[in-house]
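File shown: query_31.cif. Contents: mmCIF, C-alpha atoms.
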data_start
#
loop_
_atom_site.label_atom_id
_atom_site.label_comp_id
_atom_site.auth_asym_id
_atom_site.auth_seq_id
_atom_site.Cartn_x
_atom_site.Cartn_y
_atom_site.Cartn_z
CA MET E 1 0.00 0.00 0.00
CA ILE E 2 1.06 3.57 -0.69
CA VAL E 3 0.06 6.28 1.80
CA VAL E 4 -0.05 9.94 0.81
CA GLY E 5 -0.44 12.70 3.37
CA ILE E 6 -2.43 15.80 2.40
CA ASP E 7 -3.60 19.00 4.07
CA GLY E 8 -5.50 20.88 1.39
CA SER E 9 -2.40 22.52 -0.11
CA GLN E 10 -1.34 22.47 -3.76
CA ALA E 11 1.74 20.48 -2.81
CA GLY E 12 -0.50 17.84 -1.25
CA LEU E 13 -2.55 17.56 -4.43
CA GLU E 14 0.58 17.16 -6.56
CA ALA E 15 1.82 14.50 -4.14
CA THR E 16 -1.53 12.71 -4.48
CA ALA E 17 -1.38 12.74 -8.28
CA TRP E 18 2.16 11.34 -8.18
CA ALA E 19 1.22 8.70 -5.62
CA ALA E 20 -1.78 7.59 -7.69
CA GLY E 21 0.43 6.99 -10.71
CA GLU E 22 2.92 5.07 -8.60
CA ALA E 23 0.17 2.92 -7.07
CA VAL E 24 -1.06 1.95 -10.54
CA LEU E 25 2.49 1.13 -11.68
CA ARG E 26 2.97 -1.12 -8.65
CA GLY E 27 -0.53 -2.58 -8.66
CA VAL E 28 -1.19 -1.60 -5.04
CA PRO E 29 -3.93 0.45 -3.35
CA LEU E 30 -3.54 4.10 -2.41
CA ARG E 31 -4.68 5.59 0.89
CA VAL E 32 -5.07 9.37 1.18
CA VAL E 33 -4.77 10.58 4.77
CA HIS E 34 -5.29 13.89 6.56
CA ALA E 35 -4.10 14.50 10.12
CA ILE E 36 -6.50 16.25 12.46
CA PRO E 37 -6.21 16.98 16.20
CA ARG E 38 -7.51 14.13 18.31
CA TRP E 39 -9.85 16.39 20.27
CA VAL E 40 -11.55 17.41 17.02
CA LEU E 41 -12.31 13.81 16.09
CA GLU E 42 -13.50 13.04 19.62
CA SER E 43 -15.57 16.20 20.00
CA GLY E 44 -19.34 15.84 19.77
CA GLU E 45 -21.80 18.48 18.72
CA SER E 46 -22.11 19.51 22.36
CA ASP E 47 -18.98 19.44 24.43
CA GLU E 48 -18.77 21.48 27.61
CA GLY E 49 -21.34 24.11 26.83
CA GLY E 50 -20.59 23.72 23.14
CA ARG E 51 -17.74 26.23 23.29
CA TYR E 52 -15.59 24.32 20.82
CA ALA E 53 -18.24 22.39 18.94
CA GLY E 54 -18.36 24.94 16.15
CA VAL E 55 -14.58 24.97 15.77
CA ALA E 56 -14.42 21.17 15.73
CA ARG E 57 -17.18 20.97 13.14
CA TRP E 58 -15.43 23.55 10.95
CA MET E 59 -12.12 21.65 11.17
CA ARG E 60 -13.77 18.31 10.36
CA GLU E 61 -15.56 19.80 7.38
CA GLY E 62 -12.31 21.32 6.14
CA ALA E 63 -10.55 17.97 6.45
CA ASP E 64 -13.42 16.19 4.67
CA THR E 65 -13.25 18.71 1.82
CA ALA E 66 -9.48 18.32 1.50
CA LEU E 67 -9.74 14.52 1.43
CA ALA E 68 -12.51 14.59 -1.18
CA ALA E 69 -10.49 16.94 -3.39
CA ALA E 70 -7.41 14.74 -3.10
CA VAL E 71 -9.31 11.53 -3.91
CA ASP E 72 -10.81 13.28 -6.93
CA ARG E 73 -7.33 14.39 -8.01
CA ALA E 74 -6.02 10.84 -7.67
CA ARG E 75 -8.81 9.44 -9.83
CA ARG E 76 -8.39 12.12 -12.48
CA ALA E 77 -4.63 11.57 -12.60
CA SER E 78 -4.90 7.75 -12.74
CA PRO E 79 -8.46 6.51 -13.36
CA GLU E 80 -7.46 2.89 -12.64
CA VAL E 81 -6.24 3.63 -9.12
CA GLU E 82 -7.81 1.86 -6.13
CA VAL E 83 -8.07 4.65 -3.57
CA ASP E 84 -9.61 5.29 -0.17
CA SER E 85 -9.19 8.01 2.45
CA ALA E 86 -8.98 8.39 6.22
CA HIS E 87 -8.56 10.92 9.01
CA LEU E 88 -5.52 10.41 11.24
CA PRO E 89 -5.70 11.61 14.85
CA GLY E 90 -2.77 13.68 16.04
CA ASP E 91 -0.23 16.13 14.71
CA PRO E 92 0.74 15.65 11.03
CA ARG E 93 4.29 14.42 11.53
CA SER E 94 3.51 11.87 14.25
CA ALA E 95 0.34 10.67 12.51
CA LEU E 96 2.12 10.14 9.19
CA ILE E 97 5.02 8.31 10.81
CA GLU E 98 2.53 5.97 12.51
CA ALA E 99 0.64 5.42 9.25
CA ALA E 100 3.90 4.63 7.47
CA ALA E 101 4.33 1.51 9.61
CA LYS E 102 1.73 -0.22 7.41
CA ALA E 103 2.89 1.26 4.10
CA ASP E 104 5.41 0.29 1.45
CA LEU E 105 5.85 3.95 0.56
CA LEU E 106 4.89 7.26 2.19
CA VAL E 107 4.39 10.26 -0.10
CA VAL E 108 4.18 13.90 1.02
CA GLY E 109 4.30 17.31 -0.59
CA ASP E 110 7.29 19.54 -0.01
CA HIS E 111 5.20 22.24 1.71
CA GLY E 112 1.91 22.28 3.55
CA LEU E 113 -0.55 25.08 4.16
CA GLY E 114 1.52 26.26 7.10
CA GLY E 115 4.86 26.28 5.27
CA PHE E 116 6.82 29.47 4.75
CA ARG E 117 7.43 29.94 1.05
CA GLY E 118 10.96 31.14 1.69
CA LEU E 119 11.85 27.68 2.97
CA LEU E 120 12.74 24.99 0.45
CA LEU E 121 11.23 22.18 2.51
CA GLY E 122 8.43 22.12 5.06
CA SER E 123 8.90 20.81 8.60
CA VAL E 124 6.49 17.89 8.17
CA ALA E 125 8.21 16.68 4.99
CA TYR E 126 11.60 16.99 6.65
CA GLY E 127 10.40 15.21 9.79
CA VAL E 128 8.87 12.20 8.07
CA ALA E 129 11.86 11.83 5.74
CA GLY E 130 14.05 11.36 8.78
CA GLN E 131 11.78 9.24 10.95
CA ALA E 132 9.28 7.24 8.89
CA PRO E 133 9.89 3.47 9.01
CA CYS E 134 9.35 3.08 5.25
CA ASP E 135 10.78 4.77 2.16
CA VAL E 136 9.55 8.35 1.71
CA VAL E 137 8.86 10.34 -1.46
CA ILE E 138 8.80 14.14 -1.35
CA VAL E 139 6.97 15.72 -4.28
CA ARG E 140 7.45 19.34 -5.33
CA ASP E 141 4.40 21.55 -5.72
CA VAL E 142 5.17 22.11 -9.42
CA PRO E 143 4.65 18.96 -11.52
CA VAL E 144 7.63 17.61 -13.45
CA PRO E 145 6.96 16.54 -17.07
CA PRO E 146 8.02 12.94 -17.84
CA ARG E 147 11.66 12.76 -18.92
CA GLY E 148 12.27 9.02 -18.92
CA GLU E 149 15.12 9.00 -16.40
CA VAL E 150 15.63 7.91 -12.80
CA VAL E 151 18.75 9.22 -11.04
CA VAL E 152 20.31 7.44 -8.07
CA GLY E 153 23.17 8.51 -5.84
CA VAL E 154 25.71 5.71 -5.30
CA ASP E 155 28.18 5.85 -2.42
CA GLY E 156 29.08 2.23 -1.65
CA SER E 157 27.22 2.14 1.69
CA PRO E 158 24.69 -0.55 2.71
CA ILE E 159 21.80 1.93 2.61
CA GLY E 160 23.17 3.22 -0.69
CA ALA E 161 22.82 -0.35 -1.97
CA ALA E 162 19.16 -0.35 -0.90
CA ALA E 163 18.69 2.93 -2.77
CA LEU E 164 20.23 1.34 -5.85
CA ASP E 165 17.82 -1.62 -5.60
CA PHE E 166 14.89 0.80 -5.34
CA ALA E 167 16.12 2.81 -8.33
CA PHE E 168 16.59 -0.23 -10.58
CA ALA E 169 13.10 -1.49 -9.73
CA GLU E 170 11.61 1.95 -10.32
CA ALA E 171 13.37 2.38 -13.67
CA ALA E 172 12.11 -1.05 -14.75
CA LEU E 173 8.53 -0.16 -13.74
CA ARG E 174 8.65 3.09 -15.68
CA GLY E 175 10.59 1.84 -18.69
CA ALA E 176 13.07 4.60 -17.87
CA ARG E 177 16.81 5.00 -18.19
CA LEU E 178 18.77 4.76 -14.93
CA ARG E 179 21.53 7.28 -14.31
CA ALA E 180 23.82 6.06 -11.53
CA VAL E 181 25.82 8.97 -10.16
CA HIS E 182 28.83 8.67 -7.87
CA ALA E 183 30.27 11.96 -6.67
CA TRP E 184 33.60 12.10 -4.90
CA THR E 185 35.86 14.65 -3.23
CA TRP E 186 39.47 14.42 -2.07
CA PHE E 187 38.28 14.27 1.54
CA GLU E 188 35.94 11.30 1.00
CA ALA E 189 38.30 9.48 -1.34
CA GLY E 190 41.02 9.69 1.33
CA GLY E 191 38.79 8.47 4.14
CA GLY E 192 38.97 11.82 5.91
CA PHE E 193 42.57 12.70 5.03
CA VAL E 194 43.61 14.73 2.01
CA PRO E 195 45.91 12.51 -0.10
CA MET E 196 48.08 13.62 -2.96
CA PRO E 197 47.87 10.83 -5.57
CA ASP E 198 47.22 11.46 -9.21
CA ASP E 199 43.63 12.48 -10.01
CA LEU E 200 43.37 9.68 -12.53
CA ASP E 201 44.32 7.03 -9.97
CA VAL E 202 41.65 8.24 -7.57
CA GLU E 203 39.02 8.42 -10.28
CA ARG E 204 39.80 4.85 -11.32
CA GLY E 205 39.17 3.70 -7.77
CA GLU E 206 35.88 5.61 -7.59
CA THR E 207 34.84 4.21 -10.97
CA ARG E 208 35.58 0.71 -9.68
CA LEU E 209 33.32 1.38 -6.68
CA LEU E 210 30.46 2.32 -8.99
CA ASN E 211 31.05 -0.66 -11.31
CA GLU E 212 31.02 -3.08 -8.38
CA ALA E 213 27.80 -1.58 -7.04
CA LEU E 214 26.08 -2.01 -10.40
CA ALA E 215 27.49 -5.40 -11.37
CA GLY E 216 24.98 -7.80 -9.83
CA ARG E 217 21.98 -5.63 -10.55
CA ARG E 218 22.46 -5.28 -14.29
CA GLY E 219 21.76 -8.99 -14.72
CA ARG E 220 18.53 -8.76 -12.72
CA TYR E 221 17.30 -5.85 -14.84
CA PRO E 222 18.60 -6.55 -18.36
CA ASP E 223 16.06 -4.22 -19.97
CA VAL E 224 17.11 -1.16 -17.96
CA GLU E 225 19.51 1.14 -19.77
CA VAL E 226 22.17 2.28 -17.31
CA VAL E 227 24.28 5.41 -17.63
CA GLU E 228 27.25 5.63 -15.26
CA GLU E 229 28.64 8.94 -14.04
CA VAL E 230 31.65 9.42 -11.79
CA VAL E 231 31.92 13.11 -10.97
CA ARG E 232 34.46 14.96 -8.88
CA GLY E 233 32.40 17.34 -6.77
CA HIS E 234 30.28 17.60 -3.67
CA PRO E 235 27.43 15.04 -3.76
CA VAL E 236 24.78 17.66 -2.93
CA GLU E 237 25.73 19.86 -5.88
CA VAL E 238 26.21 16.94 -8.26
CA LEU E 239 22.92 15.24 -7.37
CA GLY E 240 21.03 18.53 -7.37
CA GLN E 241 22.18 19.22 -10.92
CA ALA E 242 21.41 15.65 -12.02
CA SER E 243 17.88 15.92 -10.64
CA ASP E 244 17.11 18.80 -12.98
CA GLY E 245 16.51 16.39 -15.87
CA ALA E 246 15.01 13.46 -13.96
CA ASP E 247 11.60 12.00 -13.18
CA LEU E 248 12.89 10.83 -9.82
CA LEU E 249 15.99 11.19 -7.64
CA VAL E 250 16.77 8.31 -5.26
CA VAL E 251 19.13 8.59 -2.28
CA GLY E 252 19.83 6.58 0.84
CA SER E 253 18.88 8.05 4.19
CA ARG E 254 22.50 7.82 5.35
CA GLY E 255 25.77 7.36 3.54
CA ARG E 256 29.04 5.68 4.42
CA GLY E 257 30.39 8.76 6.17
CA ASN E 258 27.54 9.23 8.64
CA LEU E 259 27.05 8.10 12.21
CA ALA E 260 24.55 5.25 12.51
CA GLY E 261 22.58 7.12 15.15
CA LEU E 262 21.66 9.95 12.82
CA LEU E 263 18.16 9.86 11.35
CA LEU E 264 19.35 11.49 8.14
CA GLY E 265 22.89 11.88 6.86
CA SER E 266 24.27 15.31 5.99
CA VAL E 267 24.11 14.70 2.24
CA SER E 268 20.53 13.41 2.43
CA GLN E 269 19.50 16.43 4.51
CA ALA E 270 20.95 18.85 1.98
CA VAL E 271 19.59 17.01 -1.06
CA LEU E 272 16.11 17.23 0.50
CA GLN E 273 16.40 20.98 0.16
CA HIS E 274 17.80 21.14 -3.36
CA ALA E 275 16.31 18.31 -5.43
CA ARG E 276 14.42 19.64 -8.45
CA CYS E 277 12.20 16.60 -8.99
CA PRO E 278 10.38 14.10 -6.74
CA LEU E 279 12.89 12.71 -4.26
CA VAL E 280 12.92 9.24 -2.69
CA VAL E 281 14.67 8.76 0.65
CA VAL E 282 15.32 5.02 1.04
CA ARG E 283 15.53 3.77 4.61
CA GLY E 284 17.08 0.38 4.05
CA ARG E 285 15.99 -2.64 6.07
#
Exercise: express the given structure as structure tokens:
Amino acid sequence: MIVVGIDGSQAGLEATAWAAGEAVLRGVPLRVVHAIPRWVLESGESDEGGRYAGVARWMREGADTALAAAVDRARRASPEVEVDSAHLPGDPRSALIEAAAKADLLVVGDHGLGGFRGLLLGSVAYGVAGQAPCDVVIVRDVPVPPRGEVVVGVDGSPIGAAALDFAFAEAALRGARLRAVHAWTWFEAGGGFVPMPDDLDVERGETRLLNEALAGRRGRYPDVEVVEEVVRGHPVEVLGQASDGADLLVVGSRGRGNLAGLLLGSVSQAVLQHARCPLVVVRGR
């Protein structure tokens, strides 16, 4: 099942349209959810003197309207989609993280109704990307026209391998080309120390890392065209540029240089802010 969180914003509607298409590709149902304070759901028409009954009714009606609009958007985007909707009690971030426990994929928009437009990513999107137990997709509020390419960041880490598995499967589903991008810097190539070998020697080693990561997967997905890129540069800049021509950018939640206790690695955090297409944050299992 795919779960998409909405709140009545344009970003939520774009996320719903994307999620509907993905659900059809995967042959799974879609659930559209809207978080609402628990007291609103539990409030009757007459609570203590009815002081808050009107507010609760107004909030429920607003949530119902938002859910109906999102379900309609899903069906218009992908008429074959199997879709239902539900209210979730609680604050948006906690409610979505709880809902994600039963989902294969959680989809959210990059900004909600309460987001400041000067920020590149809303707090709910950022929170669920770091804490949801399943893979998370963040969809921008401006739709991206199909380009036939999935981009994945490759870094040689175990979670990076899970991201690569996701990207191959996604490219196969879409009939898209897969662009596997490995960015390196002197610092990372030297394991934290700045070495002085020849550039070509270092690049050969980084190319070997990418080749080894791809080797076993090419055979499992013989119909997927793979483009390999080894680029000297900071991963955030390199992946941000690569996302400009992609249908989807896939990254692991943490890379090989991050502490295991972190919810999101530094590169993943920065890419969340700068990706120019829908972004998948793969958790790994």
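Here the PyMOL selection byres ((chain E and resi 36) around 8) matches the residues E:His34, E:Ala35, E:Pro37, E:Arg38, E:Val40, E:Leu41, E:Met59, E:Arg60, E:Ala63, E:His87, E:Leu88, E:Pro89, E:Gly90, E:Asp91, E:Pro92.
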To one decimal place, how far is CA of Val144 (chain E) from CA of Leu279 (chain E) in Å?
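That distance, rounded to one decimal, is 11.7 Å.
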Which residue, E:Asp64, E:Arg140, E:Val3, E:Pro146, has the smallest gap to Ala100 (chain E) when you use all atoms listed in the file?
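The closest residue to Ala100 (chain E) is E:Val3.
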Which is closest to Gly127 (chain E) among E:Thr207, E:Ser266, E:Ser94, E:Ser157, if we use all atoms listed in the file?
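Checking each candidate against Gly127 (chain E), we get E:Ser94 as the closest.
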Residues returned when the PyMOL selection byres ((chain E and resi 241) around 12) runs on this file, as a list in words
Val151, Gly153, Val181, Ala183, Val231, Gly233, His234, Pro235, Val236, Glu237, Val238, Leu239, Gly240, Ala242, Ser243, Asp244, Gly245, Ala246, Leu249, Val271, His274, Ala275, Arg276 and Cys277 of chain E
Of the candidates E:Val55, E:Leu272, E:Val250, E:Ala180, which one gets nearest to Glu229 (chain E) if we count all atoms listed in the file?
E:Ala180
Residue nearest Asp104 (chain E) - candidates E:Val152, E:Ala167, E:Val28, E:Ala66, atoms counted: only C-alpha atoms:
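Result for the nearest residue to Asp104 (chain E): E:Val28.
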Which value, in Å to one decimal, gives the distance between CA of Val226 (chain E) and CA of Ile138 (chain E)?
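Atom-to-atom, CA of Val226 (chain E) and CA of Ile138 (chain E) are spaced 24.0 Å apart.
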Using only C-alpha atoms - which residues lie no farther than 10 Å from the point (25.7, 4.7, -4.7) in the file's frame? Write them as a PyMOL selection string.
chain E and resi 152-164+180-183+209-210+213-214+250-252+255-256
Hits from the PyMOL selection byres ((chain E and resi 130) around 9), listed as JSON, numbers by chain:
{"E": [125, 126, 127, 128, 129, 131, 132, 133, 136, 253, 262, 263, 264, 269, 281, 283]}
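For the atom pair formed by CA of Gly62 (chain E) and CA of Ala95 (chain E), the distance is 17.7 Å, given to one decimal.
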Given only C-alpha atoms as the basis, pick out the residue of E:Ala77, E:Ala99, E:Val139, E:Leu173 nearest to Leu25 (chain E).
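Selected residue with least distance to Leu25 (chain E): E:Leu173.
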Using all atoms listed in the file, find the one residue out of E:Arg204, E:Arg218, E:Arg179, E:Lys102 that sits nearest to Arg31 (chain E).
E:Lys102
For a cutoff of 9 Å around the file-coordinate point (18.6, -3.5, -10.1), which residues qualify once you count only C-alpha atoms? I'd like the result as a ChimeraX atom specification.
/E:164-172,214,216-222,224
If we count only C-alpha atoms and set the cut-off at 9 Å, which residues sit around Val107 (chain E), ignoring sequence neighbours fewer than 5 positions away in its own chain? Please answer as an NGL selection string.
:E and (2-5 or 15-16 or 18-19 or 135-139 or 280)
